[in-house]
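*Asks:* This is the content of target_38.txt (compact mmCIF, C-alpha atoms and all ligand atoms):
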```txt
# COMPACT_ATOMS: atom_id res chain seq x y z
CA MET R 26 -22.11 -19.46 16.90
CA LEU R 27 -20.26 -19.67 13.57
CA PRO R 28 -16.52 -19.03 13.77
CA ARG R 29 -15.44 -15.76 12.18
CA ILE R 30 -13.48 -16.56 9.01
CA ILE R 31 -11.80 -13.77 7.06
CA GLY R 32 -9.98 -14.01 3.75
CA HIS R 33 -7.35 -11.66 2.32
CA LEU R 34 -6.49 -11.66 -1.36
CA ASP R 35 -3.37 -9.94 -2.68
CA MET R 36 -2.42 -9.97 -6.37
CA ASP R 37 1.11 -11.13 -7.22
CA ALA R 38 3.54 -8.45 -8.48
CA PHE R 39 0.40 -6.60 -9.44
CA PHE R 40 1.36 -3.71 -11.77
CA ALA R 41 4.11 -5.85 -13.34
CA SER R 42 1.79 -8.81 -13.96
CA VAL R 43 -0.78 -6.57 -15.64
CA GLU R 44 1.95 -5.18 -17.92
CA GLU R 45 3.21 -8.68 -18.74
CA ARG R 46 -0.29 -9.75 -19.63
CA ALA R 47 -0.63 -6.76 -21.98
CA SER R 48 2.75 -7.37 -23.67
CA PRO R 49 3.58 -11.06 -23.92
CA TRP R 50 7.10 -10.27 -25.21
CA LEU R 51 7.91 -9.16 -21.66
CA ARG R 52 7.52 -12.71 -20.33
CA GLY R 53 10.74 -14.10 -18.99
CA LEU R 54 12.33 -10.66 -18.69
CA PRO R 55 12.98 -8.73 -15.49
CA LEU R 56 10.47 -5.86 -15.32
CA VAL R 57 10.15 -2.73 -13.21
CA VAL R 58 7.06 -0.53 -13.19
CA GLY R 59 7.99 2.89 -11.86
CA SER R 60 9.01 6.40 -12.78
CA ASP R 61 11.31 7.13 -15.71
CA PRO R 62 14.85 5.91 -14.88
CA ALA R 63 16.27 8.55 -17.27
CA GLY R 64 19.40 6.50 -17.92
CA GLY R 65 20.18 6.33 -14.21
CA ALA R 66 19.47 10.00 -13.45
CA GLY R 67 15.74 9.52 -12.70
CA ARG R 68 14.63 10.73 -9.28
CA GLY R 69 11.39 8.82 -8.70
CA VAL R 70 10.83 5.37 -7.23
CA VAL R 71 9.98 1.79 -8.16
CA SER R 72 6.25 1.02 -7.88
CA THR R 73 6.84 -2.69 -8.21
CA ALA R 74 9.17 -5.24 -9.73
CA ASN R 75 8.33 -8.66 -11.14
CA TYR R 76 9.89 -11.66 -9.44
CA LEU R 77 12.81 -11.84 -11.89
CA ALA R 78 13.72 -8.21 -11.19
CA ARG R 79 13.35 -8.91 -7.45
CA GLY R 80 16.08 -11.50 -8.03
CA TYR R 81 18.33 -8.52 -8.91
CA GLY R 82 17.57 -7.03 -5.48
CA ILE R 83 15.00 -4.53 -6.78
CA HIS R 84 11.86 -3.82 -4.71
CA SER R 85 8.94 -1.39 -4.31
CA ALA R 86 9.80 2.13 -3.09
CA MET R 87 13.49 1.79 -4.04
CA PRO R 88 14.89 4.86 -5.86
CA ILE R 89 14.57 4.22 -9.59
CA SER R 90 18.22 5.24 -10.05
CA GLN R 91 19.28 2.39 -7.76
CA ALA R 92 17.10 -0.07 -9.72
CA TRP R 93 18.84 1.15 -12.87
CA ARG R 94 22.28 0.53 -11.32
CA LEU R 95 21.27 -2.99 -10.24
CA SER R 96 20.07 -3.67 -13.78
CA GLU R 97 23.36 -2.42 -15.25
CA GLU R 98 25.35 -4.60 -12.84
CA ALA R 99 23.29 -7.65 -13.81
CA ARG R 100 23.77 -6.84 -17.48
CA ARG R 101 27.53 -6.75 -17.00
CA ARG R 102 27.27 -10.24 -15.49
CA GLY R 103 25.59 -11.38 -18.73
CA LYS R 104 22.00 -11.32 -17.45
CA PRO R 105 19.13 -9.59 -19.29
CA ALA R 106 18.73 -5.87 -18.58
CA VAL R 107 15.58 -4.79 -16.74
CA VAL R 108 12.69 -3.44 -18.84
CA PHE R 109 11.37 -0.20 -17.28
CA ILE R 110 7.72 0.78 -17.77
CA THR R 111 5.86 3.81 -16.39
CA PRO R 112 2.65 2.98 -14.52
CA ASP R 113 -0.81 3.22 -16.06
CA PHE R 114 -3.14 3.46 -13.06
CA HIS R 115 -6.22 3.47 -15.20
CA LYS R 116 -5.36 0.00 -16.44
CA TYR R 117 -4.63 -1.32 -12.93
CA SER R 118 -7.80 0.05 -11.39
CA ALA R 119 -9.85 -1.64 -14.13
CA VAL R 120 -8.28 -5.00 -13.23
CA SER R 121 -8.73 -4.23 -9.53
CA ARG R 122 -12.43 -3.73 -10.10
CA GLU R 123 -12.65 -6.97 -12.05
CA VAL R 124 -11.03 -8.91 -9.18
CA ASN R 125 -13.34 -7.32 -6.60
CA ASP R 126 -16.35 -8.21 -8.75
CA ILE R 127 -15.19 -11.84 -8.70
CA LEU R 128 -14.80 -11.69 -4.89
CA ARG R 129 -18.33 -10.33 -4.56
CA THR R 130 -19.65 -13.51 -6.17
CA PHE R 131 -18.13 -15.45 -3.24
CA SER R 132 -18.89 -13.10 -0.34
CA PRO R 133 -21.33 -10.24 0.18
CA THR R 134 -18.95 -8.47 2.57
CA ILE R 135 -15.70 -7.25 1.11
CA GLU R 136 -13.28 -4.49 2.04
CA GLU R 137 -11.18 -3.02 -0.74
CA ALA R 138 -8.04 -2.39 1.29
CA GLY R 139 -5.80 -1.29 -1.57
CA ILE R 140 -5.48 -1.40 -5.33
CA ASP R 141 -4.49 -5.09 -5.32
CA GLU R 142 -5.76 -6.34 -1.97
CA SER R 143 -9.15 -6.98 -0.42
CA TYR R 144 -10.58 -8.66 2.65
CA PHE R 145 -13.68 -10.80 2.37
CA ASP R 146 -15.87 -12.43 5.01
CA LEU R 147 -16.29 -16.20 4.69
CA SER R 148 -17.92 -16.81 8.08
CA SER R 149 -21.06 -18.14 6.41
CA VAL R 150 -19.22 -21.17 4.98
CA SER R 151 -18.85 -22.23 8.64
CA SER R 152 -15.60 -24.24 8.59
CA TYR R 153 -11.95 -23.61 7.76
CA LYS R 154 -11.95 -26.67 5.51
CA LYS R 155 -14.73 -25.24 3.37
CA ALA R 156 -13.14 -21.79 3.48
CA GLU R 157 -9.94 -23.30 2.08
CA ALA R 158 -11.90 -24.80 -0.82
CA VAL R 159 -13.48 -21.40 -1.48
CA GLY R 160 -10.04 -19.75 -1.39
CA CYS R 161 -8.84 -22.25 -3.96
CA GLU R 162 -11.85 -21.60 -6.17
CA ILE R 163 -11.38 -17.82 -5.95
CA LYS R 164 -7.78 -18.16 -7.14
CA LYS R 165 -8.91 -20.37 -10.01
CA VAL R 166 -11.62 -17.96 -11.17
CA VAL R 167 -9.28 -14.96 -10.88
CA LYS R 168 -6.75 -16.83 -13.03
CA GLU R 169 -9.36 -17.83 -15.61
CA LYS R 170 -11.00 -14.43 -15.89
CA THR R 171 -7.99 -12.12 -15.60
CA GLY R 172 -5.05 -14.34 -16.51
CA LEU R 173 -3.31 -13.23 -13.30
CA THR R 174 -2.28 -15.08 -10.16
CA ALA R 175 -3.37 -14.04 -6.70
CA THR R 176 -2.34 -15.15 -3.22
CA VAL R 177 -4.99 -15.81 -0.58
CA GLY R 178 -4.70 -15.96 3.20
CA ILE R 179 -7.48 -17.17 5.47
CA GLY R 180 -7.72 -16.65 9.21
CA PRO R 181 -9.96 -15.73 12.13
CA ASN R 182 -9.48 -11.96 11.64
CA LYS R 183 -7.98 -9.34 9.33
CA PRO R 184 -4.39 -9.20 10.63
CA ILE R 185 -4.02 -13.02 10.57
CA ALA R 186 -5.55 -13.23 7.08
CA LYS R 187 -3.11 -10.58 5.82
CA ILE R 188 -0.06 -12.17 7.41
CA ALA R 189 -1.21 -15.54 6.02
CA SER R 190 -1.49 -14.17 2.47
CA ASP R 191 2.00 -12.71 2.78
CA PHE R 192 3.37 -16.03 4.07
CA ARG R 193 3.72 -17.90 0.79
CA LYS R 194 3.78 -15.87 -2.39
CA PRO R 195 3.26 -15.91 -5.35
CA ASP R 196 0.21 -18.03 -6.20
CA GLY R 197 -0.12 -19.17 -2.58
CA LEU R 198 -2.94 -20.19 -0.28
CA THR R 199 -2.37 -20.28 3.46
CA VAL R 200 -5.04 -21.14 6.00
CA VAL R 201 -4.53 -20.38 9.68
CA SER R 202 -7.41 -21.46 11.90
CA GLU R 203 -8.33 -19.70 15.09
CA ALA R 204 -6.73 -22.56 17.05
CA GLN R 205 -3.45 -22.21 15.12
CA ALA R 206 -3.29 -18.42 15.03
CA GLU R 207 -1.40 -17.74 18.26
CA LYS R 208 1.43 -20.24 17.54
CA PHE R 209 1.57 -19.22 13.85
CA LEU R 210 2.45 -15.65 14.80
CA GLU R 211 5.23 -16.37 17.32
CA PRO R 212 8.26 -16.69 15.01
CA PHE R 213 7.45 -13.56 12.95
CA SER R 214 9.24 -10.27 13.37
CA ILE R 215 7.11 -7.92 15.48
CA ARG R 216 7.10 -5.63 12.43
CA LYS R 217 4.74 -8.09 10.70
CA ILE R 218 1.92 -7.17 13.07
CA PRO R 219 -0.25 -4.59 11.32
CA GLY R 220 0.10 -1.28 13.14
CA VAL R 221 3.74 -1.82 14.12
CA GLY R 222 5.67 0.72 12.07
CA PRO R 223 9.36 1.59 12.09
CA LYS R 224 9.06 3.76 15.24
CA THR R 225 7.31 1.12 17.35
CA GLU R 226 9.73 -1.48 16.03
CA LEU R 227 12.73 0.58 17.12
CA LEU R 228 11.24 1.33 20.53
CA LEU R 229 10.48 -2.34 21.16
CA LEU R 230 13.93 -3.37 19.96
CA GLY R 231 15.30 -1.23 22.77
CA TYR R 232 13.60 -3.68 25.17
CA GLY R 233 14.99 -6.70 23.36
CA ILE R 234 11.76 -7.39 21.48
CA ARG R 235 12.45 -8.63 17.96
CA THR R 236 9.82 -11.29 17.41
CA VAL R 237 6.20 -11.77 18.39
CA ALA R 238 7.38 -14.47 20.85
CA ASP R 239 9.67 -11.90 22.54
CA ALA R 240 6.79 -9.44 22.89
CA LYS R 241 4.59 -12.06 24.51
CA LYS R 242 6.86 -12.03 27.57
CA PHE R 243 5.58 -8.53 28.36
CA SER R 244 2.37 -7.99 30.34
CA ALA R 245 -0.48 -5.87 29.00
CA GLU R 246 0.38 -3.26 31.67
CA LYS R 247 4.02 -3.12 30.57
CA LEU R 248 3.11 -2.76 26.88
CA THR R 249 0.63 -0.02 27.79
CA ALA R 250 3.31 1.76 29.77
CA LEU R 251 5.58 1.61 26.72
CA LEU R 252 3.11 2.41 23.97
CA GLY R 253 0.01 3.94 25.56
CA LYS R 254 -3.43 2.66 24.53
CA TRP R 255 -2.01 0.97 21.47
CA GLY R 256 0.06 -1.26 23.79
CA ALA R 257 -3.10 -2.93 25.11
CA GLU R 258 -4.27 -3.55 21.57
CA LEU R 259 -0.87 -4.94 20.59
CA TYR R 260 -1.06 -7.32 23.57
CA GLU R 261 -4.18 -8.82 22.00
CA ARG R 262 -2.91 -8.78 18.41
CA ILE R 263 0.28 -10.71 19.15
CA ARG R 264 -1.96 -13.42 20.60
CA GLY R 265 -3.86 -13.61 17.32
CA ARG R 266 -6.90 -11.73 18.58
CA ASP R 267 -8.47 -8.84 16.71
CA GLU R 268 -12.07 -7.78 16.30
CA SER R 269 -11.76 -5.02 13.73
CA PRO R 270 -14.64 -5.17 11.25
CA LEU R 271 -14.32 -5.11 7.47
CA GLU R 272 -14.65 -1.54 6.27
CA THR R 273 -17.05 -1.91 3.42
CA GLU R 274 -17.66 1.84 3.23
CA PHE R 275 -15.83 4.36 1.10
CA LEU R 276 -13.72 5.41 4.10
CA ALA R 277 -10.89 3.02 3.25
CA LYS R 278 -10.46 4.36 -0.25
CA SER R 279 -8.34 7.19 -1.52
CA VAL R 280 -6.97 8.48 -4.80
CA GLY R 281 -3.69 10.32 -4.97
CA GLU R 282 -0.47 11.02 -6.77
CA GLN R 283 2.99 12.26 -5.93
CA GLU R 284 5.58 13.98 -8.01
CA THR R 285 9.32 14.05 -7.44
CA PHE R 286 10.88 17.18 -8.92
CA ALA R 287 13.65 16.79 -11.48
CA ALA R 288 15.82 18.82 -9.09
CA ASP R 289 15.15 19.92 -5.50
CA THR R 290 13.63 23.38 -5.58
CA ALA R 291 12.73 26.31 -3.36
CA ASP R 292 11.06 28.18 -6.21
CA MET R 293 7.55 28.88 -4.95
CA HIS R 294 6.22 29.48 -8.47
CA VAL R 295 7.45 26.14 -9.75
CA ILE R 296 6.07 24.33 -6.71
CA LEU R 297 2.65 25.96 -6.89
CA GLU R 298 2.42 25.41 -10.61
CA ARG R 299 3.15 21.68 -10.11
CA LEU R 300 0.70 21.54 -7.19
CA ALA R 301 -2.09 22.81 -9.44
CA ALA R 302 -1.16 20.34 -12.19
CA LEU R 303 -1.02 17.49 -9.67
CA SER R 304 -4.43 18.44 -8.28
CA GLY R 305 -5.82 18.31 -11.81
CA ASN R 306 -4.28 14.85 -12.43
CA VAL R 307 -5.61 13.48 -9.15
CA LEU R 308 -9.10 14.75 -9.90
CA GLU R 309 -8.92 13.20 -13.36
CA LYS R 310 -7.86 9.83 -11.91
CA PHE R 311 -10.63 10.13 -9.29
CA ARG R 312 -13.22 10.62 -12.05
CA GLN R 313 -11.79 7.85 -14.21
CA GLU R 314 -12.13 5.47 -11.28
CA GLY R 315 -15.82 6.34 -11.16
CA PHE R 316 -15.85 8.48 -7.99
CA LYS R 317 -18.24 11.40 -7.70
CA GLN R 318 -17.24 13.35 -4.59
CA PHE R 319 -14.53 13.79 -1.97
CA ARG R 320 -14.44 15.36 1.49
CA THR R 321 -10.80 15.22 2.56
CA VAL R 322 -7.76 16.70 0.86
CA VAL R 323 -4.29 15.53 1.96
CA VAL R 324 -1.08 17.20 0.92
CA THR R 325 2.36 15.65 1.39
CA ILE R 326 5.70 17.38 1.13
CA ARG R 327 9.17 15.84 1.20
CA PHE R 328 12.14 18.11 1.71
CA ALA R 329 15.60 17.64 0.20
CA ASP R 330 16.74 15.92 3.44
CA PHE R 331 13.85 13.44 3.04
CA GLU R 332 11.91 14.83 6.01
CA THR R 333 8.29 14.20 4.99
CA LYS R 334 5.13 15.87 6.30
CA SER R 335 1.44 15.57 5.57
CA ARG R 336 -1.45 17.89 6.32
CA SER R 337 -5.11 17.24 5.69
CA LYS R 338 -8.36 19.15 5.67
CA THR R 339 -11.83 17.64 5.82
CA LEU R 340 -14.47 19.85 4.24
CA SER R 341 -17.85 20.44 5.84
CA ALA R 342 -19.56 19.00 2.75
CA PRO R 343 -18.48 16.66 -0.05
CA THR R 344 -17.53 18.25 -3.36
CA ALA R 345 -16.13 17.44 -6.79
CA SER R 346 -14.86 20.93 -7.54
CA ARG R 347 -11.40 21.40 -8.99
CA GLY R 348 -11.36 24.99 -7.72
CA ILE R 349 -12.01 23.88 -4.13
CA LEU R 350 -9.38 21.15 -4.41
CA GLU R 351 -6.76 23.56 -5.69
CA ARG R 352 -7.53 26.15 -3.00
CA GLN R 353 -7.42 23.58 -0.20
CA ALA R 354 -4.21 22.03 -1.49
CA LEU R 355 -2.64 25.48 -1.70
CA GLN R 356 -3.72 26.40 1.83
CA LEU R 357 -2.31 23.17 3.19
CA LEU R 358 1.01 23.49 1.36
CA LEU R 359 1.76 27.20 1.72
CA PRO R 360 2.94 27.08 5.38
CA PHE R 361 5.71 24.70 4.29
CA LEU R 362 7.04 27.20 1.78
CA ASP R 363 7.64 30.00 4.26
CA ARG R 364 8.88 30.49 7.80
CA ARG R 365 5.79 29.07 9.46
CA GLU R 366 6.67 25.43 8.80
CA ASN R 367 10.01 25.73 7.03
CA PRO R 368 12.19 28.13 9.03
CA ARG R 369 15.41 26.90 7.45
CA ARG R 370 13.98 27.32 3.94
CA LYS R 371 14.76 23.76 2.96
CA LYS R 372 14.34 22.86 -0.69
CA VAL R 373 11.50 20.60 -1.74
CA ARG R 374 12.02 17.20 -3.29
CA LEU R 375 8.48 15.90 -3.71
CA ILE R 376 4.88 16.93 -3.29
CA GLY R 377 1.75 14.81 -3.23
CA VAL R 378 -2.01 15.34 -3.29
CA ARG R 379 -4.57 12.77 -2.13
CA LEU R 380 -8.34 12.70 -1.88
CA GLU R 381 -9.97 10.72 0.93
CA LYS R 382 -13.52 10.10 2.11
CA ILE R 383 -14.46 9.58 -1.50
CA SER R 384 -17.59 8.02 -2.86
P1 LIG K 401 2.00 -5.06 -3.21
O1 LIG K 401 0.88 -6.04 -3.10
O2 LIG K 401 2.71 -4.63 -1.98
O3 LIG K 401 3.11 -5.62 -4.20
P2 LIG K 401 2.98 -6.48 -5.51
O4 LIG K 401 1.56 -6.86 -5.79
O5 LIG K 401 3.66 -5.74 -6.63
O6 LIG K 401 3.84 -7.76 -5.19
P3 LIG K 401 3.49 -9.01 -4.24
O7 LIG K 401 2.14 -8.75 -3.67
O8 LIG K 401 3.54 -10.20 -5.14
O9 LIG K 401 4.59 -9.04 -3.22
O10 LIG K 401 1.48 -3.73 -3.92
C1 LIG K 401 0.52 -3.74 -4.95
C2 LIG K 401 0.81 -2.70 -6.00
O11 LIG K 401 0.86 -1.41 -5.41
C3 LIG K 401 2.15 -2.90 -6.69
O12 LIG K 401 2.08 -3.77 -7.81
C4 LIG K 401 2.54 -1.50 -7.06
C5 LIG K 401 1.88 -0.61 -6.02
N1 LIG K 401 2.89 -0.16 -5.03
C6 LIG K 401 3.50 1.06 -5.22
O13 LIG K 401 3.20 1.79 -6.18
N2 LIG K 401 4.46 1.47 -4.31
C7 LIG K 401 4.83 0.70 -3.24
O14 LIG K 401 5.71 1.09 -2.45
C8 LIG K 401 4.17 -0.58 -3.05
C9 LIG K 401 4.54 -1.46 -1.89
C10 LIG K 401 3.22 -0.95 -3.97
MG MG K 402 0.37 -7.67 -4.30
```
Show how you would write the structure in this file as structure tokens.
*Replies:*
Amino acid sequence: MLPRIIGHLDMDAFFASVEERASPWLRGLPLVVGSDPAGGAGRGVVSTANYLARGYGIHSAMPISQAWRLSEEARRRGKPAVVFITPDFHKYSAVSREVNDILRTFSPTIEEAGIDESYFDLSSVSSYKKAEAVGCEIKKVVKEKTGLTATVGIGPNKPIAKIASDFRKPDGLTVVSEAQAEKFLEPFSIRKIPGVGPKTELLLLGYGIRTVADAKKFSAEKLTALLGKWGAELYERIRGRDESPLETEFLAKSVGEQETFAADTADMHVILERLAALSGNVLEKFRQEGFKQFRTVVVTIRFADFETKSRSKTLSAPTASRGILERQALQLLLPFLDRRENPRRKKVRLIGVRLEKIS
């Protein structure tokens, strides 16, 4: 039987690289793509930073106001100030599609896992040596056709391929064969294992587990006792074993947007007005990306104290109706605006709307 060989491609500093390509004068300058910094008073977050801006300590999901402060500090030390640009998702999804089209010329089975990352099945090339050559070729073609660099990881399954692509960035290529996988994982923080989020990490830390090697000292029974069913799966994953198939269906995709209010608010009218506008934007983006119908609506709310909740509703039939989207979003959000889900009447910092099960 052929060994299973899975690749994972992740674009380098994706949004920032696309912006640099569009505006060559940005080259050599630190760049942040994110919400408006508003001279340091902006309330949104950083989408991504190019590698120069990362050198200032700026990273994805950081408050934009903090990125602004770091830029000002660097400027005072005589370094160039950061250029701030607001994201243009339409532009990024066009590039994303271009990269996936290139991947499809190398493999018939690909999973679009995110806007700048995809898995692809290389089992048919039958050896890791050949897979490495294909990985190299993919990077070359992506560079030639898009002008952008990508990092590729290759391994016996999805988690190893993803960890491998994260291992040496940017413009990297890391191959981890099935035989090497178990040892490769040992030194990593347990947090690197896909599925281990901040809660699991904290729980495991309480048992002295920091790295994958630490976790391997625990039996499958012990991990199951700690984490339930997921513990048994984790036992396998930390040994480099995972069977999860590539999700080539539309299930993995979603389109959404979030909005941070200029000031925290409890004003129901303001919130509902923004919810309707956000629903319209999301539907527009969904159409621009070429989707025709959705089945699941997800609403997210973040309160002033940063507590964040999501609620979703899957419809009995797919639709493309703005009216249905707005009604569903409203129904999902309303309980958070009154005593049902918000007894202390906390103010709202952010709301988000996302469509899933789209095709
Ligand atoms: P990543 O692949 O995580 O980041 P990146 O491509 O910018 O940098 P690199 O892979 O070289 O480390 O995410 C891809 C894009 O997704 C990123 O360019 C912007 C967007 N993004 C956000 O909008 N918010 C986030 O919190 C993250 C992590 C990414
Ligand atoms: Mg990336």
*Asks:* Taking all atoms listed in the file into account, produce a table as JSON lines in which each residue of chain R with an atom at most 12 Å from an atom of ligand MG 402 (chain K) appears once, together with its shortest atom pair and the distance in Å to one decimal, ordered by chain and rising number.
*Replies:*
```
{"residue": "R:His33", "atom": "CA", "partner": "K:MG402", "partner_atom": "MG", "distance": 10.9}
{"residue": "R:Leu34", "atom": "CA", "partner": "K:MG402", "partner_atom": "MG", "distance": 8.5}
{"residue": "R:Asp35", "atom": "CA", "partner": "K:MG402", "partner_atom": "MG", "distance": 4.7}
{"residue": "R:Met36", "atom": "CA", "partner": "K:MG402", "partner_atom": "MG", "distance": 4.2}
{"residue": "R:Asp37", "atom": "CA", "partner": "K:MG402", "partner_atom": "MG", "distance": 4.6}
{"residue": "R:Ala38", "atom": "CA", "partner": "K:MG402", "partner_atom": "MG", "distance": 5.3}
{"residue": "R:Phe39", "atom": "CA", "partner": "K:MG402", "partner_atom": "MG", "distance": 5.3}
{"residue": "R:Phe40", "atom": "CA", "partner": "K:MG402", "partner_atom": "MG", "distance": 8.5}
{"residue": "R:Ala41", "atom": "CA", "partner": "K:MG402", "partner_atom": "MG", "distance": 10.0}
{"residue": "R:Ser42", "atom": "CA", "partner": "K:MG402", "partner_atom": "MG", "distance": 9.8}
{"residue": "R:Val43", "atom": "CA", "partner": "K:MG402", "partner_atom": "MG", "distance": 11.5}
{"residue": "R:Ser72", "atom": "CA", "partner": "K:MG402", "partner_atom": "MG", "distance": 11.1}
{"residue": "R:Thr73", "atom": "CA", "partner": "K:MG402", "partner_atom": "MG", "distance": 9.1}
{"residue": "R:Ala74", "atom": "CA", "partner": "K:MG402", "partner_atom": "MG", "distance": 10.6}
{"residue": "R:Asn75", "atom": "CA", "partner": "K:MG402", "partner_atom": "MG", "distance": 10.5}
{"residue": "R:Tyr76", "atom": "CA", "partner": "K:MG402", "partner_atom": "MG", "distance": 11.5}
{"residue": "R:Ser85", "atom": "CA", "partner": "K:MG402", "partner_atom": "MG", "distance": 10.6}
{"residue": "R:Tyr117", "atom": "CA", "partner": "K:MG402", "partner_atom": "MG", "distance": 11.8}
{"residue": "R:Ser121", "atom": "CA", "partner": "K:MG402", "partner_atom": "MG", "distance": 11.0}
{"residue": "R:Ala138", "atom": "CA", "partner": "K:MG402", "partner_atom": "MG", "distance": 11.4}
{"residue": "R:Gly139", "atom": "CA", "partner": "K:MG402", "partner_atom": "MG", "distance": 9.3}
{"residue": "R:Ile140", "atom": "CA", "partner": "K:MG402", "partner_atom": "MG", "distance": 8.6}
{"residue": "R:Asp141", "atom": "CA", "partner": "K:MG402", "partner_atom": "MG", "distance": 5.6}
{"residue": "R:Glu142", "atom": "CA", "partner": "K:MG402", "partner_atom": "MG", "distance": 6.7}
{"residue": "R:Ser143", "atom": "CA", "partner": "K:MG402", "partner_atom": "MG", "distance": 10.3}
{"residue": "R:Leu173", "atom": "CA", "partner": "K:MG402", "partner_atom": "MG", "distance": 11.2}
{"residue": "R:Thr174", "atom": "CA", "partner": "K:MG402", "partner_atom": "MG", "distance": 9.8}
{"residue": "R:Ala175", "atom": "CA", "partner": "K:MG402", "partner_atom": "MG", "distance": 7.8}
{"residue": "R:Thr176", "atom": "CA", "partner": "K:MG402", "partner_atom": "MG", "distance": 8.0}
{"residue": "R:Val177", "atom": "CA", "partner": "K:MG402", "partner_atom": "MG", "distance": 10.4}
{"residue": "R:Lys187", "atom": "CA", "partner": "K:MG402", "partner_atom": "MG", "distance": 11.1}
{"residue": "R:Ser190", "atom": "CA", "partner": "K:MG402", "partner_atom": "MG", "distance": 9.6}
{"residue": "R:Asp191", "atom": "CA", "partner": "K:MG402", "partner_atom": "MG", "distance": 8.8}
{"residue": "R:Arg193", "atom": "CA", "partner": "K:MG402", "partner_atom": "MG", "distance": 11.9}
{"residue": "R:Lys194", "atom": "CA", "partner": "K:MG402", "partner_atom": "MG", "distance": 9.1}
{"residue": "R:Pro195", "atom": "CA", "partner": "K:MG402", "partner_atom": "MG", "distance": 8.8}
{"residue": "R:Asp196", "atom": "CA", "partner": "K:MG402", "partner_atom": "MG", "distance": 10.5}
{"residue": "R:Gly197", "atom": "CA", "partner": "K:MG402", "partner_atom": "MG", "distance": 11.6}
```
*Asks:* Write out as a PyMOL selection string each polymer residue whose atoms come within 10 Å of Ser148 of chain R, counting all atoms listed in the file; drop sequence neighbours fewer than 6 positions from it.
*Replies:* chain R and resi 27-32+132+156+181
*Asks:* Leaving out Glu203 of chain R and any residue of its chain fewer than 5 positions from it, which residues lie within 12 Å of it when counting only C-alpha atoms, given as a ChimeraX atom specification?
*Replies:* /R:28-31,152-153,179-183,185-186,208-210,264-267
*Asks:* Could you name the residues that touch Lys317 of chain R at 8 Å or less, counting all atoms listed in the file, but leaving out those on the same chain fewer than 6 positions away, as a PDB file with C-alpha atoms, in the frame of the given file?
*Replies:*
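Writing done, so here's part.pdb:
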```
ATOM      1  CA  PHE R 311     -10.630  10.130  -9.290  1.00  0.00           C
ATOM      2  CA  ALA R 345     -16.130  17.440  -6.790  1.00  0.00           C
ATOM      3  CA  ILE R 383     -14.460   9.580  -1.500  1.00  0.00           C
ATOM      4  CA  SER R 384     -17.590   8.020  -2.860  1.00  0.00           C
TER       5      SER R 384
END
```
*Asks:* Using all atoms listed in the file for the distances, tell me which of R:Lys217, R:Ala257, R:Ala245, R:Glu282 is nearest to ligand LIG 401 (chain K).
*Replies:* R:Glu282
*Asks:* Check the smallest atom-to-atom distance from each of R:Gly233, R:Pro343, R:Gly67, R:Pro88 to ligand LIG 401 (chain K) using all atoms listed in the file, then report the winner.
*Replies:*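 Closest residue, counting all atoms listed in the file: R:Pro88.
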*Asks:* Between R:Gln283, R:Gln91, R:Thr134, R:Thr321, single out the one closest to ligand LIG 401 (chain K), counting all atoms listed in the file.
*Replies:*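 When distances to ligand LIG 401 (chain K) are compared using all atoms listed in the file, the smallest one comes from R:Gln283.
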*Asks:* When you draw a straight line from atom CA of Gly348 of chain R to atom CA of Lys278 of chain R, how long is it in Å?
*Replies:* 22.0 Å
*Asks:* Tell me which of R:Leu248, R:Val150, R:Val120, R:Ala66 sits closest to ligand LIG 401 (chain K), counting all atoms listed in the file.
*Replies:*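 Answer, going by the shortest atom-to-atom distance: R:Val120.
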*Asks:* If we count only C-alpha atoms and set the cut-off at 9 Å, which residues sit around Gly220 of chain R, ignoring sequence neighbours fewer than 4 positions away in its own chain? Please answer as a list of chain:residue names.
*Replies:*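 Once the adjacent positions are removed, what remains is R:Arg216, R:Thr225, R:Trp255, R:Leu259.
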*Asks:* Considering all atoms listed in the file, can you say which of R:Gly222, R:Gly281, R:Val200, R:Ile234 comes closest to ligand LIG 401 (chain K)?
*Replies:*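 That would be R:Gly281, the residue with the smallest distance to ligand LIG 401 (chain K).
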*Asks:* Pick the closest to Val373 of chain R from R:Met26, R:Val108, R:Leu297, R:Val322: which is it, counting all atoms listed in the file?
*Replies:*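 Distance minimum relative to Val373 of chain R lands on R:Leu297.
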*Asks:* Any idea what's packed within 9 Å of Arg320 of chain R, counting only C-alpha atoms, ignoring anything in its chain fewer than 4 positions away? Could you give it as a list in words?
*Replies:*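 In the requested form, the answer reads Lys338, Thr339, Leu340, Ser341, Ala342, Pro343, Thr344, Ala345, Leu380, Glu381, Lys382 and Ile383 of chain R.
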